[in-house]
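Here is the structure we will look at.
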Amino acid sequence: MKNFLIVILFLPLLSLFFACQEGSEMKQTGDQIDRTVLPIKEPIPPTSSELDVRNVKVPPQFKVEAPEGAPNVILVLVDDLGFAGTSTFGGPVPTPTFDKIASEGIHYNNFHTTAVCSPTRAALKSGRNHHVNNMGSIIETGTGIPGNTGKIPQYVTPLAEILRLNGYSTGAFGKWHETAAWEANTIGPLDRWPIHQGFDKFYGFLGGETNQWAPFIYDGVHPVELPEDPNYHFMTDMTDQSIAWMKYQKALDPEKPFFMYFAPGATHAPHHVPQSYIDKYKGKFDEGWDAIRQEILDRQIKLGIVPEGTKLAPKPKAIPEWESLSADQKRLYTKQVEVFAAYIDMMDFEIGRLIEAVDQIGQTENTMVIFVYGDNGTSAEGGANGMYSEMTYFNGVQETVPDMLKKIDKWGGPETYPHMAAGWAVMFDTPYKWTKQMGSDHGGTKVGMTIRWPKGIKTKGGLRTQFTHVIDVAPTILEAAGLPEPKVVNGIEQRPMDGTSMVYTFDDASAKERHTTQYFEMFGNRAIYNDGWYARTIHRAPWESEPRRPLKDDIWELYEVANDFSLVNDLSAKYPEKLKELQELFMKEAEKNYALPIDDRLFDRLIASNVGRPDLMEGRNSLTLAEGMMGMSENTFINIKNRSKVITATLEIPQGKTANGIIIAQGGRFGGWALYVKDGTLAYDYNFLGMERYTVSSSEKLKPGKHLVKFDFAYDGGGIGKGGMGTLYIDGNQVAQSRIERTQPGIFSADETTDVGIDLATPVVERIGAEHKSKFSGSITKVTVEIK
């Protein structure tokens, strides 16, 4: 006891001793080390021949620190918001946070993306072109062809990892959408999860979208249980999380810089937003998309965002004139855009809270804030009429205006999963013709971008017109931080970054453009920019299921963008040799960046076996699960669609209890199926897109004890999306049989999962509920899903 007391008494002295040694740390800063090889090698300490530690001086401790004065960096990437998405860029929705950063820094009117989610994100955070990242398209449509696999290669180390290995704290919040489809599970490999792509902290969702009212989110690799809060919204939650993380970093180590990647699901569908925001926009869009497009252009000219004399590009032929619409169409469509505008408003407000927190902790002066308000143009994937559930689009079901009007008062709330009519997307991409997915039009690639860094940018409110691209962001941050681009990371030789630092433009509006050549390709839509000239071909519109013509027969156009901001004057007939030169340049750039061969397939690519994409379930016809297995994404679960299936489960009901809860469920409120027990009665529900529900239910109740239950679905065949006969069994005895007339042929959900013993996020079966309410009250030994 005496010795223990001595130790306790000496602990404060030991703490003081070690604190005094801080000055003797071997800090890896400045120019004394080689930062082109990462991680920075820790020196091997010499051995000692001294017996008594009291006779030894504590040696310097190895510690990697960022270069002196390196800024904090907050990189904000908004989803699916086009060139006219902010009020700084003439848009119809006030965005005071974006406006504030633009007025206190600089903004760019010639900043481009790749035209689609995953490719833009990978390019943004690596400084390499999207095909070099193997992100020729979104991860869900990856193939076996290099450039399109969806699997970020080892020779493309992301910016976050470079910064982390150079002494930064790193955190990512919100949408990810960069993990290969078959790797989106916690069995690994986890190499392309955020925490292995350079981020110490990740709080968000892996896929392309999530239900903002009931998201499936991870903290690191651990699923997050949602709070019992009827007002919960992920946009607010992720902002709270990011602010807390930032304050924590600066509280514990004020001198250590941080890199934050803040990527809301807004304004991607589903357009989910509280009613208080929606009410602000009632009647604001009654003029319709045609009139408001012109108003936006007029503002853009007045603000100097576009040159005097810029013309409004004609709408695509598929977009009707507003005045040709019926009263019901106008009523529905205006409600859709009111919700979308409210979503922009909420998103900008929450980003504003983050920026206010930077001010609160005294970090404004040396924090570089980069706002990229759109990973592509505004989405026209809502089609002609919009939709109350985006899942109908992925299953080939056309929603009608009368059906959607029945839900108009709930639009944007938890009972909808909505998208808006394509005419509004064209409006938010003013002055351009096309939208998201269109890699060969500035309406698909150009977005609003602004940078504020008081310590490094003296200009206030300046406009920059040089051609810039998402691949320029990573080199910009490295130059601002005083860091070189690494040549080797973790023993892997790196492919050089394709981007060009934008630092040269910070305080020189007239600086000569340095990013002079850039190719574009998305689903066969192709373009090339070179020294003020732009050649392109329109291969397929977002609402067209098939290409307009074979790749070799595509019709190319030519524009001189310095004198034709909105791409309305095709010069291909006037300068055929220039067009040919640019077409040849495109092929050269495409080849060296893995963009060849061009893949213009769309829905075919959703099925892994069609395109050579790895599939965890390849060659398997059964899957055996256990209680507690949950959060299995659709890309990593056995495919039960368009075929017969048998589900068997071994259960035990405790004595004195009535069984309740989910045995197994896949999907949620907007499509899915579940085997469950309600008040002791075994049942199976098939929820067809939230539009129709089919129930097969037993009249017998499960008694306490062990049971073997089974559901057998005999598919009708004869194509996809057909029905079949469902039969329930308890302990080998048939207890119910009923028809299921329709099934979903494509997908159940973009974010909902398969869960055993619970139903996460939104419920497949409303009377059972979700999350803890749906937890099975007995025990589940195993569940087997078999396909035939």
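Following the order of the structure tokens, chains are lettered A, B, ..., residues in each are numbered from 1, and ligands are numbered from 1.
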Identify, on the basis of only C-alpha atoms, every residue whose closest approach to Phe565 (chain A) does not exceed 9 Å; exclude the query and any residue fewer than 3 positions from it along the same chain; express the result as a PyMOL selection string. chain A and resi 306-307+310-311+431-432+560-562+568
Run DSSP on the backbone of this structure and report the residues of region 68-113 of chain A it assigns to strand (DSSP E or B), as a ChimeraX atom specification. /A:72-77,106-108,111-112
Kindly save the residues from that selection, with N, CA, C and O atoms included, as a short mmCIF file (atom, residue, chain, number, x, y, z; two decimals), in the first residue's frame.
data_model
loop_
_atom_site.label_atom_id
_atom_site.label_comp_id
_atom_site.auth_asym_id
_atom_site.auth_seq_id
_atom_site.Cartn_x
_atom_site.Cartn_y
_atom_site.Cartn_z
N ASN A 72 -6.19 25.80 -42.09
CA ASN A 72 -7.31 24.87 -42.03
C ASN A 72 -8.01 24.93 -43.39
O ASN A 72 -7.99 25.97 -44.06
N VAL A 73 -8.66 23.84 -43.77
CA VAL A 73 -9.39 23.83 -45.03
C VAL A 73 -10.77 23.22 -44.83
O VAL A 73 -10.89 22.13 -44.26
N ILE A 74 -11.79 23.93 -45.26
CA ILE A 74 -13.15 23.39 -45.28
C ILE A 74 -13.58 23.34 -46.74
O ILE A 74 -13.70 24.38 -47.40
N LEU A 75 -13.78 22.14 -47.24
CA LEU A 75 -14.20 21.93 -48.63
C LEU A 75 -15.66 21.49 -48.61
O LEU A 75 -15.98 20.39 -48.14
N VAL A 76 -16.54 22.33 -49.10
CA VAL A 76 -17.97 22.06 -49.13
C VAL A 76 -18.36 21.66 -50.55
O VAL A 76 -18.08 22.39 -51.51
N LEU A 77 -18.99 20.52 -50.67
CA LEU A 77 -19.50 20.07 -51.98
C LEU A 77 -20.99 19.82 -51.87
O LEU A 77 -21.44 18.86 -51.22
N ILE A 106 -13.24 35.28 -53.48
CA ILE A 106 -13.35 35.32 -54.95
C ILE A 106 -14.30 34.22 -55.40
O ILE A 106 -14.48 33.21 -54.71
N HIS A 107 -14.92 34.40 -56.57
CA HIS A 107 -15.81 33.38 -57.11
C HIS A 107 -15.50 33.19 -58.59
O HIS A 107 -15.02 34.10 -59.27
N TYR A 108 -15.77 31.98 -59.06
CA TYR A 108 -15.38 31.55 -60.40
C TYR A 108 -16.62 31.24 -61.24
O TYR A 108 -17.48 30.46 -60.81
N PHE A 111 -16.03 27.31 -63.73
CA PHE A 111 -15.58 26.15 -62.94
C PHE A 111 -16.43 24.94 -63.29
O PHE A 111 -17.66 25.00 -63.27
N HIS A 112 -15.78 23.83 -63.60
CA HIS A 112 -16.46 22.67 -64.15
C HIS A 112 -16.34 21.42 -63.28
O HIS A 112 -15.35 21.23 -62.57
#
Would you kindly return, as a list in words, each protein, DNA or RNA residue with an atom no farther than 7 Å from any atom of His707 (chain A), considering only C-alpha atoms and excluding same-chain residues fewer than 5 positions away? Thr650, Leu651, Glu652, Ile730 and Asp731 of chain A
Can those selected residues be exported to a file as a PDB file, in the first residue's frame so that it contains all heavy atoms?
ATOM      1  N   THR A 650     -35.370 -20.069 -38.259  1.00  0.00           N
ATOM      2  CA  THR A 650     -35.502 -20.815 -37.008  1.00  0.00           C
ATOM      3  C   THR A 650     -35.653 -19.815 -35.873  1.00  0.00           C
ATOM      4  O   THR A 650     -34.767 -18.983 -35.649  1.00  0.00           O
ATOM      5  CB  THR A 650     -34.267 -21.696 -36.765  1.00  0.00           C
ATOM      6  OG1 THR A 650     -34.081 -22.559 -37.884  1.00  0.00           O
ATOM      7  CG2 THR A 650     -34.446 -22.535 -35.518  1.00  0.00           C
ATOM      8  N   LEU A 651     -36.786 -19.874 -35.183  1.00  0.00           N
ATOM      9  CA  LEU A 651     -37.118 -18.893 -34.155  1.00  0.00           C
ATOM     10  C   LEU A 651     -37.343 -19.570 -32.809  1.00  0.00           C
ATOM     11  O   LEU A 651     -37.653 -20.770 -32.732  1.00  0.00           O
ATOM     12  CB  LEU A 651     -38.406 -18.147 -34.513  1.00  0.00           C
ATOM     13  CG  LEU A 651     -38.616 -17.668 -35.948  1.00  0.00           C
ATOM     14  CD1 LEU A 651     -40.021 -17.096 -36.096  1.00  0.00           C
ATOM     15  CD2 LEU A 651     -37.574 -16.618 -36.305  1.00  0.00           C
ATOM     16  N   GLU A 652     -37.254 -18.761 -31.764  1.00  0.00           N
ATOM     17  CA  GLU A 652     -37.682 -19.222 -30.441  1.00  0.00           C
ATOM     18  C   GLU A 652     -38.443 -18.100 -29.771  1.00  0.00           C
ATOM     19  O   GLU A 652     -37.938 -16.971 -29.661  1.00  0.00           O
ATOM     20  CB  GLU A 652     -36.503 -19.650 -29.568  1.00  0.00           C
ATOM     21  CG  GLU A 652     -36.972 -20.218 -28.233  1.00  0.00           C
ATOM     22  CD  GLU A 652     -35.879 -20.919 -27.459  1.00  0.00           C
ATOM     23  OE1 GLU A 652     -34.724 -20.923 -27.935  1.00  0.00           O
ATOM     24  OE2 GLU A 652     -36.174 -21.461 -26.373  1.00  0.00           O
ATOM     25  N   ILE A 730     -45.587 -22.963 -41.098  1.00  0.00           N
ATOM     26  CA  ILE A 730     -45.097 -23.001 -39.719  1.00  0.00           C
ATOM     27  C   ILE A 730     -44.869 -24.458 -39.354  1.00  0.00           C
ATOM     28  O   ILE A 730     -45.807 -25.281 -39.422  1.00  0.00           O
ATOM     29  CB  ILE A 730     -46.088 -22.353 -38.725  1.00  0.00           C
ATOM     30  CG1 ILE A 730     -46.311 -20.876 -39.063  1.00  0.00           C
ATOM     31  CG2 ILE A 730     -45.580 -22.501 -37.286  1.00  0.00           C
ATOM     32  CD1 ILE A 730     -47.349 -20.194 -38.171  1.00  0.00           C
ATOM     33  N   ASP A 731     -43.625 -24.789 -39.020  1.00  0.00           N
ATOM     34  CA  ASP A 731     -43.252 -26.158 -38.640  1.00  0.00           C
ATOM     35  C   ASP A 731     -43.711 -27.183 -39.678  1.00  0.00           C
ATOM     36  O   ASP A 731     -44.226 -28.260 -39.341  1.00  0.00           O
ATOM     37  CB  ASP A 731     -43.814 -26.493 -37.253  1.00  0.00           C
ATOM     38  CG  ASP A 731     -43.275 -25.571 -36.171  1.00  0.00           C
ATOM     39  OD1 ASP A 731     -42.092 -25.195 -36.264  1.00  0.00           O
ATOM     40  OD2 ASP A 731     -44.036 -25.201 -35.259  1.00  0.00           O
TER      41      ASP A 731
END
Shortest interatomic distance to Glu321 (chain A) - which of A:Leu405, A:Ala573, A:Leu558, A:Ala291, counting only C-alpha atoms: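 Among A:Leu405, A:Ala573, A:Leu558, A:Ala291, it is A:Ala291 that comes nearest to Glu321 (chain A).
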For region 661-665 of chain A, list every protein, DNA or RNA residue within 8 Å, evaluated using only C-alpha atoms, and leave out those in the same chain fewer than 6 positions away; present the list as a PyMOL selection string. chain A and resi 649+672-678+754-759+764+768+773-777+780+783
For CA of Val785 (chain A) and CA of Glu209 (chain A), determine how far apart the two atoms are, in Å to one decimal place.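 Distance between the two atoms: 26.9 Å.
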Could you name the residues that touch region 619-624 of chain A at 7 Å or less, counting only C-alpha atoms, but leaving out those on the same chain fewer than 5 positions away, as a PyMOL selection string? chain A and resi 638+782-788
Go ahead and dump the residues you just picked, N, CA and C atoms, as a short mmCIF file (atom, residue, chain, number, x, y, z; two decimals), in the first residue's frame.
data_model
loop_
_atom_site.label_atom_id
_atom_site.label_comp_id
_atom_site.auth_asym_id
_atom_site.auth_seq_id
_atom_site.Cartn_x
_atom_site.Cartn_y
_atom_site.Cartn_z
N ILE A 638 -27.98 -11.04 -51.72
CA ILE A 638 -28.41 -11.93 -52.80
C ILE A 638 -29.62 -11.32 -53.51
N LYS A 782 -31.26 -18.60 -37.06
CA LYS A 782 -30.73 -18.37 -38.41
C LYS A 782 -31.88 -18.11 -39.37
N VAL A 783 -31.51 -17.44 -40.47
CA VAL A 783 -32.44 -17.18 -41.57
C VAL A 783 -31.73 -17.54 -42.86
N THR A 784 -32.38 -18.32 -43.70
CA THR A 784 -31.80 -18.68 -44.98
C THR A 784 -32.66 -18.14 -46.11
N VAL A 785 -32.02 -17.44 -47.04
CA VAL A 785 -32.69 -16.92 -48.23
C VAL A 785 -32.17 -17.72 -49.42
N GLU A 786 -33.09 -18.38 -50.10
CA GLU A 786 -32.71 -19.22 -51.24
C GLU A 786 -33.43 -18.75 -52.49
N ILE A 787 -32.69 -18.61 -53.60
CA ILE A 787 -33.31 -18.23 -54.87
C ILE A 787 -33.30 -19.41 -55.81
N LYS A 788 -34.29 -19.43 -56.69
CA LYS A 788 -34.42 -20.54 -57.63
C LYS A 788 -34.36 -20.03 -59.05
#
Taking 3 positions as the minimum chain separation for residues in the same chain, which residues sit within 8 Å of Val488 (chain A) when counting only C-alpha atoms? Answer as a list in words.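 Counting only the stated atoms, we get Thr36, Val37, Leu38, Gly491, Ile492, Glu493 and Gln494 of chain A.
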Restrict the selected residues to N, CA and C atoms and save them as a short mmCIF file (atom, residue, chain, number, x, y, z; two decimals), in the first residue's frame.
data_model
loop_
_atom_site.label_atom_id
_atom_site.label_comp_id
_atom_site.auth_asym_id
_atom_site.auth_seq_id
_atom_site.Cartn_x
_atom_site.Cartn_y
_atom_site.Cartn_z
N THR A 36 7.83 14.25 -50.31
CA THR A 36 7.37 13.63 -51.55
C THR A 36 7.25 12.12 -51.41
N VAL A 37 7.74 11.57 -50.30
CA VAL A 37 7.59 10.14 -50.00
C VAL A 37 6.82 10.03 -48.69
N LEU A 38 5.64 9.44 -48.75
CA LEU A 38 4.76 9.34 -47.58
C LEU A 38 4.45 7.88 -47.27
N GLY A 491 4.63 3.11 -50.32
CA GLY A 491 5.43 2.27 -51.20
C GLY A 491 4.94 2.18 -52.62
N ILE A 492 3.83 2.88 -52.95
CA ILE A 492 3.24 2.84 -54.29
C ILE A 492 3.58 4.12 -55.03
N GLU A 493 4.20 4.00 -56.20
CA GLU A 493 4.48 5.16 -57.02
C GLU A 493 3.17 5.77 -57.50
N GLN A 494 3.04 7.07 -57.36
CA GLN A 494 1.79 7.75 -57.65
C GLN A 494 1.74 8.30 -59.07
#
Tell me, in Å to one decimal, how far CA of Leu354 (chain A) is from CA of Met246 (chain A).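 Between CA of Leu354 (chain A) and CA of Met246 (chain A) the gap works out to 9.4 Å.
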Need the shell around Met235 (chain A): protein/DNA/RNA residues with any atom at most 7 Å away, counting only C-alpha atoms. Skip same-chain ones fewer than 3 positions apart. Format as a list in words?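 That gives Met238, Thr239 and Pro264 of chain A.
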Kindly save the residues from that selection, with C-alpha atoms included, as a PDB file, in the first residue's frame.
ATOM      1  CA  MET A 238     -24.320  16.274 -39.981  1.00  0.00           C
ATOM      2  CA  THR A 239     -23.776  19.985 -39.357  1.00  0.00           C
ATOM      3  CA  PRO A 264     -24.551  17.331 -47.820  1.00  0.00           C
TER       4      PRO A 264
END
What does the structure give for the distance between CA of Ala66 (chain A) and CA of Asn166 (chain A), in Å to one decimal? 5.3 Å
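In this comparison, which uses only C-alpha atoms, the residue of A:Thr400, A:Ser379, A:Ser779, A:Thr157 approaching Gly444 (chain A) most closely is A:Ser379.
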All alpha helix (DSSP H) positions in region 373-530 of chain A, as a list in words: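 DSSP on the backbone gives alpha helix (DSSP H) at Val401, Pro402, Asp403, Met404, Leu405, Ala422, Gly423, Trp424, Ala425, Val426, Met427, Phe428, His442, Gly443, Gly444, Thr445, Val473, Ala474, Pro475, Thr476, Ile477, Leu478, Glu479, Ala480 and Ala481 of chain A.
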